[in-house]
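Peer 1: Got a file for you: protein_11.pdb, PDB, C-alpha atoms, pLDDT in the B column.
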```pdb
ATOM      1  CA  MET A 251      59.096  40.368 -31.971  1.00 47.00           C
ATOM      2  CA  GLY A 252      56.959  37.265 -31.780  1.00 50.00           C
ATOM      3  CA  VAL A 253      54.652  35.997 -34.474  1.00 50.00           C
ATOM      4  CA  LYS A 254      51.186  37.465 -33.856  1.00 54.00           C
ATOM      5  CA  ILE A 255      47.832  35.820 -34.422  1.00 52.00           C
ATOM      6  CA  LYS A 256      47.145  38.272 -37.256  1.00 56.00           C
ATOM      7  CA  ASP A 257      50.255  37.007 -39.092  1.00 59.00           C
ATOM      8  CA  ILE A 258      48.812  33.489 -39.269  1.00 58.00           C
ATOM      9  CA  PRO A 259      46.725  32.600 -42.355  1.00 56.00           C
ATOM     10  CA  ILE A 260      43.050  33.425 -41.696  1.00 56.00           C
ATOM     11  CA  ASN A 261      41.907  29.799 -41.871  1.00 54.00           C
ATOM     12  CA  ASP A 262      44.442  28.877 -39.174  1.00 63.00           C
ATOM     13  CA  ARG A 263      43.677  31.712 -36.752  1.00 78.00           C
ATOM     14  CA  PRO A 264      42.169  30.333 -33.522  1.00 83.00           C
ATOM     15  CA  CYS A 265      39.847  33.311 -32.939  1.00 84.00           C
ATOM     16  CA  GLU A 266      38.435  33.136 -36.455  1.00 84.00           C
ATOM     17  CA  ARG A 267      37.969  29.369 -36.124  1.00 81.00           C
ATOM     18  CA  LEU A 268      36.215  29.886 -32.793  1.00 85.00           C
ATOM     19  CA  ILE A 269      33.774  32.370 -34.341  1.00 87.00           C
ATOM     20  CA  GLU A 270      33.211  30.266 -37.432  1.00 82.00           C
ATOM     21  CA  ASN A 271      33.010  26.788 -35.909  1.00 80.00           C
ATOM     22  CA  GLY A 272      32.464  27.224 -32.161  1.00 81.00           C
ATOM     23  CA  VAL A 273      34.851  27.168 -29.219  1.00 84.00           C
ATOM     24  CA  GLU A 274      34.370  23.442 -28.639  1.00 81.00           C
ATOM     25  CA  THR A 275      36.041  22.665 -31.986  1.00 85.00           C
ATOM     26  CA  LEU A 276      39.346  24.244 -31.009  1.00 86.00           C
ATOM     27  CA  SER A 277      42.313  22.154 -29.948  1.00 89.00           C
ATOM     28  CA  ASN A 278      44.087  22.654 -26.627  1.00 91.00           C
ATOM     29  CA  GLU A 279      46.903  24.438 -28.466  1.00 90.00           C
ATOM     30  CA  GLU A 280      44.459  26.841 -30.113  1.00 90.00           C
ATOM     31  CA  LEU A 281      42.724  27.686 -26.842  1.00 91.00           C
ATOM     32  CA  ILE A 282      46.036  28.467 -25.160  1.00 92.00           C
ATOM     33  CA  ALA A 283      47.178  30.423 -28.236  1.00 90.00           C
ATOM     34  CA  ILE A 284      44.181  32.735 -27.843  1.00 90.00           C
ATOM     35  CA  ILE A 285      45.203  33.365 -24.245  1.00 92.00           C
ATOM     36  CA  PHE A 286      48.843  33.982 -25.199  1.00 91.00           C
ATOM     37  CA  LYS A 287      47.932  36.248 -28.187  1.00 87.00           C
ATOM     38  CA  THR A 288      51.546  36.343 -29.437  1.00 85.00           C
ATOM     39  CA  GLY A 289      54.394  33.894 -29.775  1.00 82.00           C
ATOM     40  CA  LEU A 290      58.102  34.584 -29.893  1.00 81.00           C
ATOM     41  CA  ARG A 291      60.551  35.319 -32.668  1.00 79.00           C
ATOM     42  CA  GLY A 292      60.011  32.795 -35.426  1.00 77.00           C
ATOM     43  CA  ALA A 293      57.166  30.977 -33.669  1.00 82.00           C
ATOM     44  CA  SER A 294      53.440  31.632 -33.417  1.00 84.00           C
ATOM     45  CA  ALA A 295      51.331  31.682 -30.260  1.00 87.00           C
ATOM     46  CA  LYS A 296      50.115  28.223 -31.273  1.00 87.00           C
ATOM     47  CA  ASP A 297      53.712  26.985 -31.489  1.00 88.00           C
ATOM     48  CA  LEU A 298      54.354  28.348 -28.009  1.00 90.00           C
ATOM     49  CA  ALA A 299      51.200  26.644 -26.750  1.00 91.00           C
ATOM     50  CA  SER A 300      52.412  23.341 -28.241  1.00 91.00           C
ATOM     51  CA  LEU A 301      55.768  23.814 -26.506  1.00 92.00           C
ATOM     52  CA  LEU A 302      54.038  24.333 -23.157  1.00 93.00           C
ATOM     53  CA  LEU A 303      51.817  21.264 -23.569  1.00 92.00           C
ATOM     54  CA  SER A 304      54.774  19.112 -24.608  1.00 92.00           C
ATOM     55  CA  LYS A 305      56.604  20.122 -21.420  1.00 91.00           C
ATOM     56  CA  ILE A 306      53.754  19.391 -19.024  1.00 90.00           C
ATOM     57  CA  GLY A 307      52.725  16.220 -20.882  1.00 87.00           C
ATOM     58  CA  ASP A 308      49.003  16.328 -20.058  1.00 84.00           C
ATOM     59  CA  ILE A 309      46.496  19.182 -20.303  1.00 86.00           C
ATOM     60  CA  LYS A 310      45.188  18.294 -16.817  1.00 82.00           C
ATOM     61  CA  LYS A 311      48.575  19.149 -15.332  1.00 86.00           C
ATOM     62  CA  LEU A 312      47.896  22.813 -16.103  1.00 88.00           C
ATOM     63  CA  ASN A 313      45.932  22.740 -12.832  1.00 83.00           C
ATOM     64  CA  ASN A 314      49.242  22.433 -10.981  1.00 83.00           C
ATOM     65  CA  VAL A 315      51.506  24.890 -12.810  1.00 88.00           C
ATOM     66  CA  ASN A 316      52.585  28.076 -11.075  1.00 90.00           C
ATOM     67  CA  TYR A 317      54.030  31.416 -12.107  1.00 92.00           C
ATOM     68  CA  GLU A 318      57.657  30.409 -11.512  1.00 92.00           C
ATOM     69  CA  TYR A 319      57.305  27.279 -13.647  1.00 91.00           C
ATOM     70  CA  LEU A 320      55.727  29.149 -16.557  1.00 92.00           C
ATOM     71  CA  LYS A 321      58.353  31.904 -16.516  1.00 92.00           C
ATOM     72  CA  LYS A 322      61.075  29.288 -17.073  1.00 91.00           C
ATOM     73  CA  ILE A 323      59.622  28.422 -20.485  1.00 90.00           C
ATOM     74  CA  LYS A 324      61.151  30.475 -23.268  1.00 88.00           C
ATOM     75  CA  GLY A 325      58.614  32.902 -24.704  1.00 89.00           C
ATOM     76  CA  ILE A 326      56.317  32.961 -21.664  1.00 91.00           C
ATOM     77  CA  GLY A 327      56.768  36.258 -19.868  1.00 91.00           C
ATOM     78  CA  GLN A 328      54.856  37.921 -17.082  1.00 93.00           C
ATOM     79  CA  SER A 329      51.796  38.813 -19.144  1.00 92.00           C
ATOM     80  CA  LYS A 330      51.334  35.369 -20.712  1.00 92.00           C
ATOM     81  CA  ALA A 331      51.905  33.598 -17.406  1.00 91.00           C
ATOM     82  CA  CYS A 332      49.404  35.801 -15.593  1.00 93.00           C
ATOM     83  CA  ASN A 333      46.801  35.472 -18.351  1.00 92.00           C
ATOM     84  CA  LEU A 334      47.059  31.695 -18.347  1.00 93.00           C
ATOM     85  CA  LEU A 335      46.989  31.332 -14.543  1.00 91.00           C
ATOM     86  CA  ALA A 336      43.983  33.664 -14.296  1.00 91.00           C
ATOM     87  CA  THR A 337      42.140  31.631 -16.941  1.00 90.00           C
ATOM     88  CA  ILE A 338      42.902  28.352 -15.158  1.00 87.00           C
ATOM     89  CA  GLU A 339      41.679  29.734 -11.833  1.00 84.00           C
ATOM     90  CA  LEU A 340      38.516  31.112 -13.409  1.00 84.00           C
ATOM     91  CA  GLY A 341      37.770  27.668 -14.861  1.00 81.00           C
ATOM     92  CA  LYS A 342      38.213  26.086 -11.426  1.00 75.00           C
ATOM     93  CA  ARG A 343      35.817  28.559  -9.856  1.00 72.00           C
ATOM     94  CA  ILE A 344      33.188  28.092 -12.559  1.00 71.00           C
ATOM     95  CA  ASN A 345      33.263  24.326 -12.055  1.00 65.00           C
ATOM     96  CA  ARG A 346      33.326  24.448  -8.274  1.00 61.00           C
ATOM     97  CA  GLU A 347      30.059  22.926  -7.079  1.00 52.00           C
ATOM     98  CA  VAL A 348      30.118  25.050  -3.927  1.00 49.00           C
ATOM     99  CA  ASP A 349      31.578  28.484  -4.681  1.00 50.00           C
ATOM    100  CA  SER A 350      31.974  29.823  -1.153  1.00 56.00           C
ATOM    101  CA  ILE A 351      32.083  27.850   2.047  1.00 61.00           C
ATOM    102  CA  LYS A 352      31.272  30.764   4.327  1.00 63.00           C
ATOM    103  CA  ASN A 353      27.789  30.872   5.860  1.00 57.00           C
ATOM    104  CA  ILE A 354      26.992  27.346   4.638  1.00 62.00           C
ATOM    105  CA  LYS A 355      25.081  25.282   7.168  1.00 65.00           C
ATOM    106  CA  LEU A 356      26.869  21.991   7.570  1.00 67.00           C
ATOM    107  CA  ASN A 357      24.251  19.262   7.154  1.00 69.00           C
ATOM    108  CA  ASN A 358      26.492  16.484   5.838  1.00 78.00           C
ATOM    109  CA  SER A 359      30.078  15.705   4.894  1.00 85.00           C
ATOM    110  CA  GLU A 360      29.367  15.663   1.166  1.00 85.00           C
ATOM    111  CA  ILE A 361      28.833  19.440   1.131  1.00 82.00           C
ATOM    112  CA  VAL A 362      32.354  19.922   2.436  1.00 84.00           C
ATOM    113  CA  TYR A 363      33.747  17.313   0.048  1.00 88.00           C
ATOM    114  CA  LYS A 364      32.229  19.027  -3.003  1.00 82.00           C
ATOM    115  CA  PHE A 365      33.963  22.264  -2.094  1.00 81.00           C
ATOM    116  CA  TYR A 366      37.343  20.887  -1.108  1.00 85.00           C
ATOM    117  CA  LYS A 367      37.776  18.244  -3.816  1.00 85.00           C
ATOM    118  CA  ASN A 368      38.515  21.045  -6.301  1.00 79.00           C
ATOM    119  CA  LYS A 369      40.703  22.850  -3.817  1.00 81.00           C
ATOM    120  CA  LEU A 370      42.731  19.866  -2.623  1.00 86.00           C
ATOM    121  CA  GLY A 371      42.160  16.967  -5.014  1.00 79.00           C
ATOM    122  CA  ASP A 372      45.219  17.677  -7.181  1.00 80.00           C
ATOM    123  CA  LYS A 373      47.637  18.773  -4.451  1.00 84.00           C
ATOM    124  CA  LYS A 374      50.910  16.843  -4.280  1.00 84.00           C
ATOM    125  CA  GLN A 375      51.362  17.503  -0.553  1.00 87.00           C
ATOM    126  CA  GLU A 376      48.979  17.070   2.330  1.00 90.00           C
ATOM    127  CA  HIS A 377      47.155  20.277   3.315  1.00 91.00           C
ATOM    128  CA  PHE A 378      45.416  20.513   6.678  1.00 93.00           C
ATOM    129  CA  TYR A 379      42.461  22.886   7.075  1.00 93.00           C
ATOM    130  CA  ALA A 380      40.401  23.690  10.129  1.00 94.00           C
ATOM    131  CA  VAL A 381      36.837  24.809   9.394  1.00 93.00           C
ATOM    132  CA  TYR A 382      35.308  26.904  12.169  1.00 93.00           C
ATOM    133  CA  LEU A 383      31.568  26.802  12.902  1.00 91.00           C
ATOM    134  CA  ASP A 384      29.106  28.743  15.052  1.00 89.00           C
ATOM    135  CA  ASN A 385      26.641  27.143  17.465  1.00 87.00           C
ATOM    136  CA  GLN A 386      24.179  26.494  14.600  1.00 84.00           C
ATOM    137  CA  LYS A 387      26.854  24.657  12.602  1.00 83.00           C
ATOM    138  CA  LYS A 388      27.147  27.451  10.056  1.00 84.00           C
ATOM    139  CA  ILE A 389      30.654  27.875   8.738  1.00 84.00           C
ATOM    140  CA  ILE A 390      32.340  31.082   9.881  1.00 87.00           C
ATOM    141  CA  SER A 391      35.654  30.606   8.125  1.00 87.00           C
ATOM    142  CA  ASP A 392      38.325  28.093   7.203  1.00 88.00           C
ATOM    143  CA  LYS A 393      42.068  28.306   7.616  1.00 89.00           C
ATOM    144  CA  LEU A 394      44.969  26.423   6.066  1.00 90.00           C
ATOM    145  CA  LEU A 395      47.123  25.559   9.059  1.00 90.00           C
ATOM    146  CA  PHE A 396      49.693  23.039   7.873  1.00 88.00           C
ATOM    147  CA  ILE A 397      51.291  21.729   4.674  1.00 86.00           C
ATOM    148  CA  GLY A 398      53.186  18.443   4.655  1.00 80.00           C
ATOM    149  CA  THR A 399      52.783  14.937   6.045  1.00 71.00           C
ATOM    150  CA  ILE A 400      50.151  15.103   8.766  1.00 65.00           C
ATOM    151  CA  ASN A 401      51.424  14.117  12.210  1.00 60.00           C
ATOM    152  CA  TYR A 402      51.026  15.264  15.772  1.00 51.00           C
ATOM    153  CA  SER A 403      54.197  17.376  15.783  1.00 52.00           C
ATOM    154  CA  MET A 404      52.886  19.431  12.846  1.00 70.00           C
ATOM    155  CA  VAL A 405      49.169  19.587  13.648  1.00 78.00           C
ATOM    156  CA  HIS A 406      49.504  21.125  17.070  1.00 82.00           C
ATOM    157  CA  PRO A 407      46.229  21.681  18.955  1.00 88.00           C
ATOM    158  CA  ARG A 408      47.385  25.146  19.996  1.00 88.00           C
ATOM    159  CA  GLU A 409      47.217  26.437  16.417  1.00 88.00           C
ATOM    160  CA  VAL A 410      43.894  24.736  15.720  1.00 92.00           C
ATOM    161  CA  PHE A 411      42.101  26.060  18.796  1.00 95.00           C
ATOM    162  CA  LYS A 412      43.712  29.509  18.808  1.00 92.00           C
ATOM    163  CA  GLU A 413      41.804  30.389  15.652  1.00 90.00           C
ATOM    164  CA  ALA A 414      38.593  29.024  17.161  1.00 93.00           C
ATOM    165  CA  TYR A 415      38.839  31.499  20.023  1.00 92.00           C
ATOM    166  CA  LEU A 416      39.710  34.393  17.737  1.00 91.00           C
ATOM    167  CA  LEU A 417      36.656  33.649  15.567  1.00 91.00           C
ATOM    168  CA  GLY A 418      34.295  32.850  18.427  1.00 92.00           C
ATOM    169  CA  ALA A 419      33.721  29.359  17.010  1.00 94.00           C
ATOM    170  CA  SER A 420      31.758  26.695  18.865  1.00 94.00           C
ATOM    171  CA  ALA A 421      32.981  23.709  16.860  1.00 94.00           C
ATOM    172  CA  ILE A 422      35.709  22.678  14.439  1.00 95.00           C
ATOM    173  CA  LEU A 423      35.731  20.407  11.412  1.00 94.00           C
ATOM    174  CA  CYS A 424      39.164  19.164  10.333  1.00 95.00           C
ATOM    175  CA  ILE A 425      40.036  18.483   6.713  1.00 94.00           C
ATOM    176  CA  HIS A 426      43.114  17.233   4.965  1.00 93.00           C
ATOM    177  CA  ASN A 427      43.891  15.572   1.645  1.00 93.00           C
ATOM    178  CA  HIS A 428      45.603  12.336   0.672  1.00 93.00           C
ATOM    179  CA  PRO A 429      47.617  12.858  -2.551  1.00 91.00           C
ATOM    180  CA  SER A 430      47.782   9.071  -2.987  1.00 90.00           C
ATOM    181  CA  GLY A 431      44.074   8.992  -3.857  1.00 91.00           C
ATOM    182  CA  ASN A 432      43.340   6.551  -1.023  1.00 94.00           C
ATOM    183  CA  PRO A 433      41.080   8.273   1.516  1.00 94.00           C
ATOM    184  CA  LEU A 434      41.422   5.662   4.279  1.00 95.00           C
ATOM    185  CA  PRO A 435      42.952   7.181   7.430  1.00 94.00           C
ATOM    186  CA  SER A 436      46.406   6.212   8.622  1.00 92.00           C
ATOM    187  CA  LYS A 437      47.400   5.591  12.237  1.00 92.00           C
ATOM    188  CA  GLN A 438      48.764   9.148  12.338  1.00 90.00           C
ATOM    189  CA  ASP A 439      45.405  10.458  11.117  1.00 92.00           C
ATOM    190  CA  PHE A 440      43.688   8.659  13.995  1.00 93.00           C
ATOM    191  CA  ASP A 441      46.281   9.899  16.496  1.00 91.00           C
ATOM    192  CA  VAL A 442      45.891  13.512  15.394  1.00 91.00           C
ATOM    193  CA  THR A 443      42.103  13.303  15.416  1.00 93.00           C
ATOM    194  CA  ASN A 444      41.933  11.711  18.855  1.00 93.00           C
ATOM    195  CA  SER A 445      44.330  14.242  20.355  1.00 92.00           C
ATOM    196  CA  LEU A 446      42.288  17.150  18.973  1.00 94.00           C
ATOM    197  CA  ILE A 447      39.051  15.614  20.262  1.00 94.00           C
ATOM    198  CA  GLU A 448      40.500  15.306  23.775  1.00 93.00           C
ATOM    199  CA  VAL A 449      41.769  18.889  23.804  1.00 93.00           C
ATOM    200  CA  GLY A 450      38.408  20.050  22.436  1.00 94.00           C
ATOM    201  CA  LYS A 451      36.605  18.375  25.345  1.00 93.00           C
ATOM    202  CA  ILE A 452      38.754  20.286  27.822  1.00 94.00           C
ATOM    203  CA  LEU A 453      38.288  23.610  26.045  1.00 93.00           C
ATOM    204  CA  GLY A 454      34.586  23.146  25.310  1.00 94.00           C
ATOM    205  CA  ILE A 455      35.000  23.282  21.526  1.00 95.00           C
ATOM    206  CA  LYS A 456      33.919  20.109  19.733  1.00 94.00           C
ATOM    207  CA  ILE A 457      35.750  18.461  16.869  1.00 95.00           C
ATOM    208  CA  ILE A 458      32.649  17.432  14.915  1.00 93.00           C
ATOM    209  CA  ASP A 459      34.383  15.585  12.082  1.00 94.00           C
ATOM    210  CA  HIS A 460      37.667  14.961  10.302  1.00 95.00           C
ATOM    211  CA  ILE A 461      37.283  14.527   6.557  1.00 95.00           C
ATOM    212  CA  ILE A 462      40.009  13.142   4.305  1.00 95.00           C
ATOM    213  CA  ILE A 463      39.666  14.476   0.757  1.00 93.00           C
ATOM    214  CA  CYS A 464      40.771  12.804  -2.475  1.00 92.00           C
ATOM    215  CA  LYS A 465      39.917  13.759  -6.037  1.00 86.00           C
ATOM    216  CA  ASN A 466      37.157  11.179  -6.437  1.00 88.00           C
ATOM    217  CA  ASN A 467      36.187  10.151  -2.913  1.00 92.00           C
ATOM    218  CA  TYR A 468      36.456  11.013   0.759  1.00 95.00           C
ATOM    219  CA  TYR A 469      36.462   9.536   4.252  1.00 96.00           C
ATOM    220  CA  SER A 470      34.513  11.008   7.154  1.00 95.00           C
ATOM    221  CA  PHE A 471      35.490  10.010  10.688  1.00 95.00           C
ATOM    222  CA  LEU A 472      31.972  10.906  11.830  1.00 92.00           C
ATOM    223  CA  GLU A 473      30.168   8.906   9.138  1.00 92.00           C
ATOM    224  CA  ASN A 474      32.331   5.895   9.938  1.00 93.00           C
ATOM    225  CA  ASN A 475      31.623   6.171  13.681  1.00 91.00           C
ATOM    226  CA  ASP A 476      35.228   7.063  14.507  1.00 88.00           C
ATOM    227  CA  ILE A 477      33.910  10.131  16.326  1.00 82.00           C
ATOM    228  CA  ILE A 478      31.131   9.512  18.815  1.00 69.00           C
ATOM    229  CA  PHE A 479      29.545  12.262  20.884  1.00 59.00           C
TER
END
```
Would you write out, as structure tokens, the structure that this file holds?
Peer 2:
Amino acid sequence: MGVKIKDIPINDRPCERLIENGVETLSNEELIAIIFKTGLRGASAKDLASLLLSKIGDIKKLNNVNYEYLKKIKGIGQSKACNLLATIELGKRINREVDSIKNIKLNNSEIVYKFYKNKLGDKKQEHFYAVYLDNQKKIISDKLLFIGTINYSMVHPREVFKEAYLLGASAILCIHNHPSGNPLPSKQDFDVTNSLIEVGKILGIKIIDHIIICKNNYYSFLENNDIIF
């Protein structure tokens, strides 16, 4: 059986320190220990938290851990992994500047950026989303269509416009991320955008913008006059 929080001296118990001194005074290890509740044989929850942090190297990398990764760490079972992942996701949602993209009226690219920077900013692969809008430019829904390096062979117009018809959308806004942190579009980004615009003209469904998302900045094809109506 693992060492429980109650087995730790009172002055060293994270929960008691939180109550006595405030949550902001707790270390990263103590916060994770509260989530874990118990450790493993011969080690406290705080020891297990230290082990986890030593493996990932940086507290910010917790944003990228998944269930399979956590389960590989000795002492982290299903319950601990689920508790930690749920806590991380809750934190993301609390800090998301735009909580839900549905029914938002698209007035400028920054609205979209504020939502997707938390969703895509830390991704290690490119993710391509199509955002579907009604005739008043209100967002009906979004859909993740492709994961991987963005090129014409992957981002096929058929998949992009099929969803538009199913949703009754009048326009489409394309979004993908650049893991490099550089939002400037590549030649492939231009090729994909131009091909979608041309297909959209034939089908009567406009591509109103293509936004490239990074953690701290973005690039809008529309704002940079790369899309002209």
Peer 1: With distances taken over all atoms listed in the file, which of A:Lys388, A:Val449, A:Val381, A:Ser420 is nearest to A:His406?
Peer 2: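 Of all the options, A:Val449 lies closest to A:His406.
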Peer 1: What does the distance from atom CA of A:Gly325 to atom CA of A:Glu274 come to in Å, to one decimal?
Peer 2: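 Distance between the two atoms: 26.3 Å.
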Peer 1: Do you know which residues are at most 8 Å from A:Tyr379 counting all atoms listed in the file, after dropping those on the same chain fewer than 6 positions away, and could you put them as a short mmCIF file (atom, residue, chain, number, x, y, z; two decimals) with C-alpha atoms, in the frame of the given file?
Peer 2:
```cif
data_model
loop_
_atom_site.label_atom_id
_atom_site.label_comp_id
_atom_site.auth_asym_id
_atom_site.auth_seq_id
_atom_site.Cartn_x
_atom_site.Cartn_y
_atom_site.Cartn_z
CA ASP A 392 38.33 28.09 7.20
CA LYS A 393 42.07 28.31 7.62
CA LEU A 394 44.97 26.42 6.07
CA LEU A 395 47.12 25.56 9.06
CA PHE A 396 49.69 23.04 7.87
CA CYS A 424 39.16 19.16 10.33
CA ILE A 425 40.04 18.48 6.71
CA HIS A 426 43.11 17.23 4.96
#
```
Peer 1: Mind checking which residues fall within 9 Å of stretch 280-283 of chain A, counting only C-alpha atoms, ignoring those fewer than 3 positions away in the same chain, and posting them as a PyMOL selection string?
Peer 2: chain A and resi 255+263-265+273+276-277+286-289+294-300+334
Peer 1: Anything within 12 Å of (36.8, 15.8, 3.1): list those residues as an mmCIF file with C-alpha atoms, keeping the file's coordinate frame, counting all atoms listed in the file and sticking to the file's coordinates.
Peer 2:
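Produced file selection09.cif, reproduced below:
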```
data_model
loop_
_atom_site.group_PDB
_atom_site.id
_atom_site.type_symbol
_atom_site.label_atom_id
_atom_site.label_comp_id
_atom_site.auth_asym_id
_atom_site.auth_seq_id
_atom_site.Cartn_x
_atom_site.Cartn_y
_atom_site.Cartn_z
ATOM 1 C CA ASN A 358 26.492 16.484 5.838
ATOM 2 C CA SER A 359 30.078 15.705 4.894
ATOM 3 C CA GLU A 360 29.367 15.663 1.166
ATOM 4 C CA ILE A 361 28.833 19.440 1.131
ATOM 5 C CA VAL A 362 32.354 19.922 2.436
ATOM 6 C CA TYR A 363 33.747 17.313 0.048
ATOM 7 C CA LYS A 364 32.229 19.027 -3.003
ATOM 8 C CA PHE A 365 33.963 22.264 -2.094
ATOM 9 C CA TYR A 366 37.343 20.887 -1.108
ATOM 10 C CA LYS A 367 37.776 18.244 -3.816
ATOM 11 C CA ASN A 368 38.515 21.045 -6.301
ATOM 12 C CA LYS A 369 40.703 22.850 -3.817
ATOM 13 C CA LEU A 370 42.731 19.866 -2.623
ATOM 14 C CA GLY A 371 42.160 16.967 -5.014
ATOM 15 C CA HIS A 377 47.155 20.277 3.315
ATOM 16 C CA PHE A 378 45.416 20.513 6.678
ATOM 17 C CA TYR A 379 42.461 22.886 7.075
ATOM 18 C CA ALA A 380 40.401 23.690 10.129
ATOM 19 C CA VAL A 381 36.837 24.809 9.394
ATOM 20 C CA LEU A 423 35.731 20.407 11.412
ATOM 21 C CA CYS A 424 39.164 19.164 10.333
ATOM 22 C CA ILE A 425 40.036 18.483 6.713
ATOM 23 C CA HIS A 426 43.114 17.233 4.965
ATOM 24 C CA ASN A 427 43.891 15.572 1.645
ATOM 25 C CA HIS A 428 45.603 12.336 0.672
ATOM 26 C CA PRO A 433 41.080 8.273 1.516
ATOM 27 C CA LEU A 434 41.422 5.662 4.279
ATOM 28 C CA PRO A 435 42.952 7.181 7.430
ATOM 29 C CA ASP A 459 34.383 15.585 12.082
ATOM 30 C CA HIS A 460 37.667 14.961 10.302
ATOM 31 C CA ILE A 461 37.283 14.527 6.557
ATOM 32 C CA ILE A 462 40.009 13.142 4.305
ATOM 33 C CA ILE A 463 39.666 14.476 0.757
ATOM 34 C CA CYS A 464 40.771 12.804 -2.475
ATOM 35 C CA LYS A 465 39.917 13.759 -6.037
ATOM 36 C CA ASN A 466 37.157 11.179 -6.437
ATOM 37 C CA ASN A 467 36.187 10.151 -2.913
ATOM 38 C CA TYR A 468 36.456 11.013 0.759
ATOM 39 C CA TYR A 469 36.462 9.536 4.252
ATOM 40 C CA SER A 470 34.513 11.008 7.154
ATOM 41 C CA PHE A 471 35.490 10.010 10.688
ATOM 42 C CA LEU A 472 31.972 10.906 11.830
ATOM 43 C CA GLU A 473 30.168 8.906 9.138
#
```
Peer 1: Please, what distance in Å, to one decimal, runs between atom CA of A:Lys373 and atom CA of A:Val410?
Peer 2: 21.4 Å
Peer 1: Record the distance separating atom CA of A:Ile455 and atom CA of A:Asp439, expressed in Å with one decimal.
Peer 2: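 One can read the atom CA of A:Ile455 to atom CA of A:Asp439 distance as 19.5 Å.
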Peer 1: Run the PyMOL selection byres ((chain A and resi 331) around 10) mentally over the shown coordinates, then write out the matched residues as a list in words, using the chain letters and numbers from the document.
Peer 2: Ile285, Phe286, Val315, Asn316, Tyr317, Glu318, Tyr319, Leu320, Lys321, Ile323, Gly325, Ile326, Gly327, Gln328, Ser329, Lys330, Cys332, Asn333, Leu334, Leu335, Ala336 and Thr337 of chain A
Peer 1: Go ahead and dump the residues you just picked, C-alpha atoms, as a short mmCIF file (atom, residue, chain, number, x, y, z; two decimals), in the coordinates of the input.
Peer 2:
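This went into again_24.cif:
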```cif
data_model
loop_
_atom_site.label_atom_id
_atom_site.label_comp_id
_atom_site.auth_asym_id
_atom_site.auth_seq_id
_atom_site.Cartn_x
_atom_site.Cartn_y
_atom_site.Cartn_z
CA ILE A 285 45.20 33.36 -24.24
CA PHE A 286 48.84 33.98 -25.20
CA VAL A 315 51.51 24.89 -12.81
CA ASN A 316 52.58 28.08 -11.08
CA TYR A 317 54.03 31.42 -12.11
CA GLU A 318 57.66 30.41 -11.51
CA TYR A 319 57.30 27.28 -13.65
CA LEU A 320 55.73 29.15 -16.56
CA LYS A 321 58.35 31.90 -16.52
CA ILE A 323 59.62 28.42 -20.48
CA GLY A 325 58.61 32.90 -24.70
CA ILE A 326 56.32 32.96 -21.66
CA GLY A 327 56.77 36.26 -19.87
CA GLN A 328 54.86 37.92 -17.08
CA SER A 329 51.80 38.81 -19.14
CA LYS A 330 51.33 35.37 -20.71
CA CYS A 332 49.40 35.80 -15.59
CA ASN A 333 46.80 35.47 -18.35
CA LEU A 334 47.06 31.70 -18.35
CA LEU A 335 46.99 31.33 -14.54
CA ALA A 336 43.98 33.66 -14.30
CA THR A 337 42.14 31.63 -16.94
#
```
